[in-house]
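Student: Handing you a structure now.
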Amino acid sequence: MADPSEMTEHPEPLSYPIRRTCPYALPDGYRELLDRPTPSRIKLPSGKLAWATTRYEDVKAMLGDNRFSSDLRRPGYPLMMDHQVPPPEFSTSLVGMDPPDHTLARRAVAGDFTPRSINRLRPRIQEITDEYVDRLLAGPRPADLIDAFANPVPLLVICELLGVPFADREFFLRTSYILMNAGTPEAGAHATAELMGYMDELVTSKERVPTDDLLGRLAARRGEPGVPDHRDLVGMAFMLLMAGHETIANVVGLSAMLLLERPELRRSLTADPSRWPAAVDELLRYFTIAEIANSRVALEDVEIGGVTIAAGEGVLGLTVAANRDPKRFPDPDAFDIERVDRSLAFGFGAHQCLGQHLARTELEVTLATLFARVPELRLAEPVDALRFKEYHVNYGLHTLPVTW
Amino acid sequence: MRIRTDPERCIGAGRCFLAAPELFDQNDHDGTVVVLVDQVTGDALEGARAAVDDCPTRTLSLTEG
């Protein structure tokens, strides 16, 4: 393993996470890393060093290379904090697995997340969206779009996907809200335990009486290759909640903010809804709200972008920077829905976001519906007065006051 | 050019289907790639190249012949 003290050209490694200073421009720290000729080291909150890849081709090469492991428990894996090593009883189902085991496990659920399967959910996503636009319009002005719309819609879509009974949805929304907004580690741990307990009961009920939803179908297929056992299914249900809630809410909020500042673009999208998928792809690139899942540990020495990442060293694929790499995306700070290349917003490699088609569909439906039904929607506060999640794992807005 | 697959790598991400639905489909059961047209020329080649480039697991490749 290379000695970090040999890295003399940048004696003070940049600290990670890098502060997101502006919602529209690439933050300075990312710019500095992207401008360097080769991947360099960053300092994690744990105090440990890890490699950072930032150029589009480097990030893609790293994430697409199975010589980098996603096993969170493997020594050298670049966790933000040392205490984040998952306890043995906690299933890291899918997220922490490597091929070939991962390939089988992923295929066991992939059929439920294809564009075709997700399209079957679209009418329900539309109904849920319409219901929350109704509630928004019936409520007070100004309203917080995050609280009133961006948060509850993805949560109810997760309920739909998992098959959470209607009677439990109030509890589910309330507990997820507490988890996402926990003021103390104790409050967060309490909400996590409550939701894990709930998922355990939910999976048990699906095992008894399989229903026609993701958990029910997987429970009924128990024993097939790659199909999760009870513990892994509980872990997966919780993972889907974590991965599919705040992330989407953040992109909905940021996207609404951007589009509310661009009346012409908004009107052209409402006039020609067939352009929404392209707009969503560009919104995903532009905001790239999450990249922490692109963390890996090298299983052997691998050369990436001119440096050797030694076996046992951690590496991060910083897609926030890669999605603004001018070599791949000309004039990268311009918001341009005519771009043809898809970005790395959903990651790359075997762990590319399982829910990417669901996320795209939710973004399309929520944004298209919101602007079609409330054409007079406007920001109730200027963008520079808004509070952003500048240091959070997932970038987004705390609140988005709107009126109409 | 011919589209080749390394089926063991496929995770059913569906990016090929998004890039070129005229060339690729997905198995309903596990999402894995189904190549609809394996010999590609002309305009279809562009879609095939985009799909190869965007395949997250390098399941797809293009070869001569």
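Labels for the structure tokens follow display order: chains A, B, ..., residues from 1 in each chain, ligands from 1.
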Tell me which protein, DNA and RNA residues are within 8 Å of range 145-162 of chain A, counting only C-alpha atoms, leaving out same-chain ones fewer than 3 positions away, and put them as an mmCIF file with N, CA and C atoms, in the first residue's frame.

Tutor:
data_model
loop_
_atom_site.group_PDB
_atom_site.id
_atom_site.type_symbol
_atom_site.label_atom_id
_atom_site.label_comp_id
_atom_site.auth_asym_id
_atom_site.auth_seq_id
_atom_site.Cartn_x
_atom_site.Cartn_y
_atom_site.Cartn_z
ATOM 1 N N ARG A 124 -50.592 5.237 -10.942
ATOM 2 C CA ARG A 124 -50.649 5.466 -9.492
ATOM 3 C C ARG A 124 -49.786 6.661 -9.091
ATOM 4 N N ILE A 125 -48.641 6.801 -9.739
ATOM 5 C CA ILE A 125 -47.777 7.960 -9.451
ATOM 6 C C ILE A 125 -48.539 9.243 -9.814
ATOM 7 N N ILE A 128 -51.278 9.921 -7.123
ATOM 8 C CA ILE A 128 -50.680 10.440 -5.880
ATOM 9 C C ILE A 128 -50.257 11.895 -6.089
ATOM 10 N N THR A 129 -49.643 12.166 -7.229
ATOM 11 C CA THR A 129 -49.208 13.533 -7.543
ATOM 12 C C THR A 129 -50.402 14.477 -7.586
ATOM 13 N N TYR A 132 -51.720 15.399 -4.202
ATOM 14 C CA TYR A 132 -50.916 16.372 -3.450
ATOM 15 C C TYR A 132 -50.914 17.758 -4.094
ATOM 16 N N VAL A 133 -51.178 17.842 -5.385
ATOM 17 C CA VAL A 133 -51.389 19.170 -5.990
ATOM 18 C C VAL A 133 -52.727 19.726 -5.475
ATOM 19 N N ARG A 135 -54.122 19.094 -2.605
ATOM 20 C CA ARG A 135 -53.913 19.518 -1.215
ATOM 21 C C ARG A 135 -53.144 20.828 -1.153
ATOM 22 N N LEU A 136 -52.140 20.960 -2.019
ATOM 23 C CA LEU A 136 -51.347 22.198 -2.053
ATOM 24 C C LEU A 136 -52.261 23.385 -2.345
ATOM 25 N N PRO A 165 -49.692 -1.362 3.399
ATOM 26 C CA PRO A 165 -51.153 -1.207 3.438
ATOM 27 C C PRO A 165 -51.555 0.250 3.715
ATOM 28 N N ARG A 169 -50.063 3.930 6.275
ATOM 29 C CA ARG A 169 -49.303 4.951 5.558
ATOM 30 C C ARG A 169 -49.065 6.228 6.355
ATOM 31 N N LEU A 173 -45.354 7.681 6.828
ATOM 32 C CA LEU A 173 -44.979 9.052 6.470
ATOM 33 C C LEU A 173 -44.387 9.782 7.666
ATOM 34 N N ASP A 213 -47.047 -7.221 -5.030
ATOM 35 C CA ASP A 213 -46.178 -6.053 -4.955
ATOM 36 C C ASP A 213 -44.758 -6.580 -4.821
ATOM 37 N N LEU A 214 -43.774 -5.678 -4.811
ATOM 38 C CA LEU A 214 -42.378 -6.121 -4.824
ATOM 39 C C LEU A 214 -42.061 -7.093 -3.687
ATOM 40 N N LEU A 215 -42.409 -6.717 -2.459
ATOM 41 C CA LEU A 215 -42.079 -7.580 -1.311
ATOM 42 C C LEU A 215 -42.851 -8.893 -1.369
ATOM 43 N N ALA A 237 -36.004 -3.577 1.841
ATOM 44 C CA ALA A 237 -37.156 -2.680 1.968
ATOM 45 C C ALA A 237 -36.711 -1.360 2.592
ATOM 46 N N LEU A 240 -34.607 0.619 0.077
ATOM 47 C CA LEU A 240 -35.427 1.259 -0.962
ATOM 48 C C LEU A 240 -36.081 2.538 -0.424
ATOM 49 N N LEU A 241 -36.482 2.488 0.835
ATOM 50 C CA LEU A 241 -37.052 3.684 1.459
ATOM 51 C C LEU A 241 -36.007 4.797 1.540
ATOM 52 N N GLY A 244 -34.960 5.964 -2.041
ATOM 53 C CA GLY A 244 -35.992 6.444 -2.954
ATOM 54 C C GLY A 244 -36.850 7.564 -2.405
ATOM 55 N N HIS A 245 -36.484 8.094 -1.253
ATOM 56 C CA HIS A 245 -37.323 9.127 -0.670
ATOM 57 C C HIS A 245 -36.684 10.510 -0.748
ATOM 58 N N GLU A 246 -35.682 10.727 0.120
ATOM 59 C CA GLU A 246 -35.106 12.068 0.199
ATOM 60 C C GLU A 246 -34.434 12.474 -1.110
ATOM 61 N N ILE A 248 -35.270 11.771 -4.261
ATOM 62 C CA ILE A 248 -36.251 12.278 -5.230
ATOM 63 C C ILE A 248 -36.791 13.616 -4.750
ATOM 64 N N ALA A 249 -37.093 13.696 -3.438
ATOM 65 C CA ALA A 249 -37.618 14.949 -2.898
ATOM 66 C C ALA A 249 -36.639 16.094 -3.170
ATOM 67 N N ASN A 250 -35.345 15.822 -3.002
ATOM 68 C CA ASN A 250 -34.345 16.856 -3.254
ATOM 69 C C ASN A 250 -34.335 17.304 -4.711
ATOM 70 N N VAL A 252 -36.772 17.015 -6.918
ATOM 71 C CA VAL A 252 -38.030 17.717 -7.220
ATOM 72 C C VAL A 252 -37.923 19.177 -6.762
ATOM 73 N N GLY A 253 -37.426 19.383 -5.541
ATOM 74 C CA GLY A 253 -37.313 20.735 -4.998
ATOM 75 C C GLY A 253 -36.361 21.606 -5.809
ATOM 76 N N GLU A 362 -40.971 9.479 -11.717
ATOM 77 C CA GLU A 362 -41.513 10.344 -10.662
ATOM 78 C C GLU A 362 -41.212 11.805 -10.939
ATOM 79 N N LEU A 397 -32.767 21.221 -0.964
ATOM 80 C CA LEU A 397 -33.275 22.405 -0.270
ATOM 81 C C LEU A 397 -33.934 21.976 1.031
ATOM 82 N N HIS A 398 -33.722 22.768 2.079
ATOM 83 C CA HIS A 398 -34.455 22.494 3.316
ATOM 84 C C HIS A 398 -35.932 22.852 3.143
ATOM 85 N N THR A 399 -36.158 24.019 2.574
ATOM 86 C CA THR A 399 -37.536 24.447 2.309
ATOM 87 C C THR A 399 -37.569 25.189 0.971
ATOM 88 N N LEU A 400 -38.725 25.213 0.341
ATOM 89 C CA LEU A 400 -38.889 25.993 -0.894
ATOM 90 C C LEU A 400 -40.250 26.707 -0.824
ATOM 91 N N PRO A 401 -40.243 27.941 -0.290
ATOM 92 C CA PRO A 401 -41.511 28.665 -0.177
ATOM 93 C C PRO A 401 -42.003 29.112 -1.563
ATOM 94 N N VAL A 402 -43.239 28.724 -1.854
ATOM 95 C CA VAL A 402 -43.834 29.084 -3.148
ATOM 96 C C VAL A 402 -45.226 29.674 -2.908
#

Student: Give me the residues within 9 Å of Thr21 in chain A as a ChimeraX atom specification, counting only C-alpha atoms and dropping any in the same chain fewer than 5 places off.

Tutor: /A:26-28,388,390

Student: Could you go through chain B and tell me which residues DSSP, when run on the backbone, assigns to strand (DSSP E or B), listing them as a PyMOL selection string?

Tutor: chain B and resi 2-5+24-26+33-35+39+60-63

Student: At a cut-off of 7 Å, can you tabulate as a Markdown table every residue of chain A near chain B together with its closest atom pair and the distance in Å to one decimal, using only C-alpha atoms and ordering rows by chain then number?

Tutor:
| residue | atom | partner | partner_atom | distance |
| --- | --- | --- | --- | --- |
| A:Gly64 | CA | B:Thr57 | CA | 6.0 |
| A:Thr103 | CA | B:Ile11 | CA | 5.8 |
| A:Arg106 | CA | B:Ile11 | CA | 6.1 |
| A:Arg107 | CA | B:Asp30 | CA | 4.9 |
| A:Ala108 | CA | B:Asp30 | CA | 6.0 |
| A:Val109 | CA | B:Asp30 | CA | 6.9 |
| A:Ala110 | CA | B:Gly31 | CA | 5.3 |
| A:Gly111 | CA | B:Asp30 | CA | 4.4 |
| A:Thr114 | CA | B:Gly31 | CA | 6.2 |
| A:Phe348 | CA | B:Pro56 | CA | 5.0 |
| A:Gly349 | CA | B:Pro56 | CA | 4.3 |
| A:Ala350 | CA | B:Thr57 | CA | 5.6 |
| A:Gln352 | CA | B:Pro56 | CA | 6.9 |
| A:Leu354 | CA | B:Ala13 | CA | 7.0 |

Student: Write the residues of the selection above to a file with C-alpha atoms, as a compact mmCIF listing (two decimals), in the first residue's frame.

Tutor:
# COMPACT_ATOMS: atom_id res chain seq x y z
CA GLY A 64 -17.21 0.00 -14.20
CA THR A 103 -25.40 -9.95 -10.15
CA ARG A 106 -29.75 -7.64 -8.54
CA ARG A 107 -31.42 -9.74 -11.24
CA ALA A 108 -33.84 -11.11 -8.68
CA VAL A 109 -35.31 -7.61 -8.34
CA ALA A 110 -34.38 -6.00 -11.67
CA GLY A 111 -37.57 -7.14 -13.38
CA THR A 114 -37.36 -2.01 -15.80
CA PHE A 348 -22.13 3.60 -13.17
CA GLY A 349 -21.11 -0.05 -12.95
CA ALA A 350 -22.92 -2.93 -11.30
CA GLN A 352 -25.90 1.91 -10.93
CA LEU A 354 -31.72 0.23 -9.25

Student: Hey, can you check how far CA of Phe171 in chain A sits from CA of Pro185 in chain A?

Tutor: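 Rounded to one decimal, the two atoms are 20.4 Å apart.
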
Student: Which one of A:Leu44, A:Ala138, A:Pro225, A:Arg67 sits closest to Asp98 in chain A if you count only C-alpha atoms?

Tutor: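 Nearest candidate to Asp98 in chain A out of A:Leu44, A:Ala138, A:Pro225, A:Arg67: A:Arg67.
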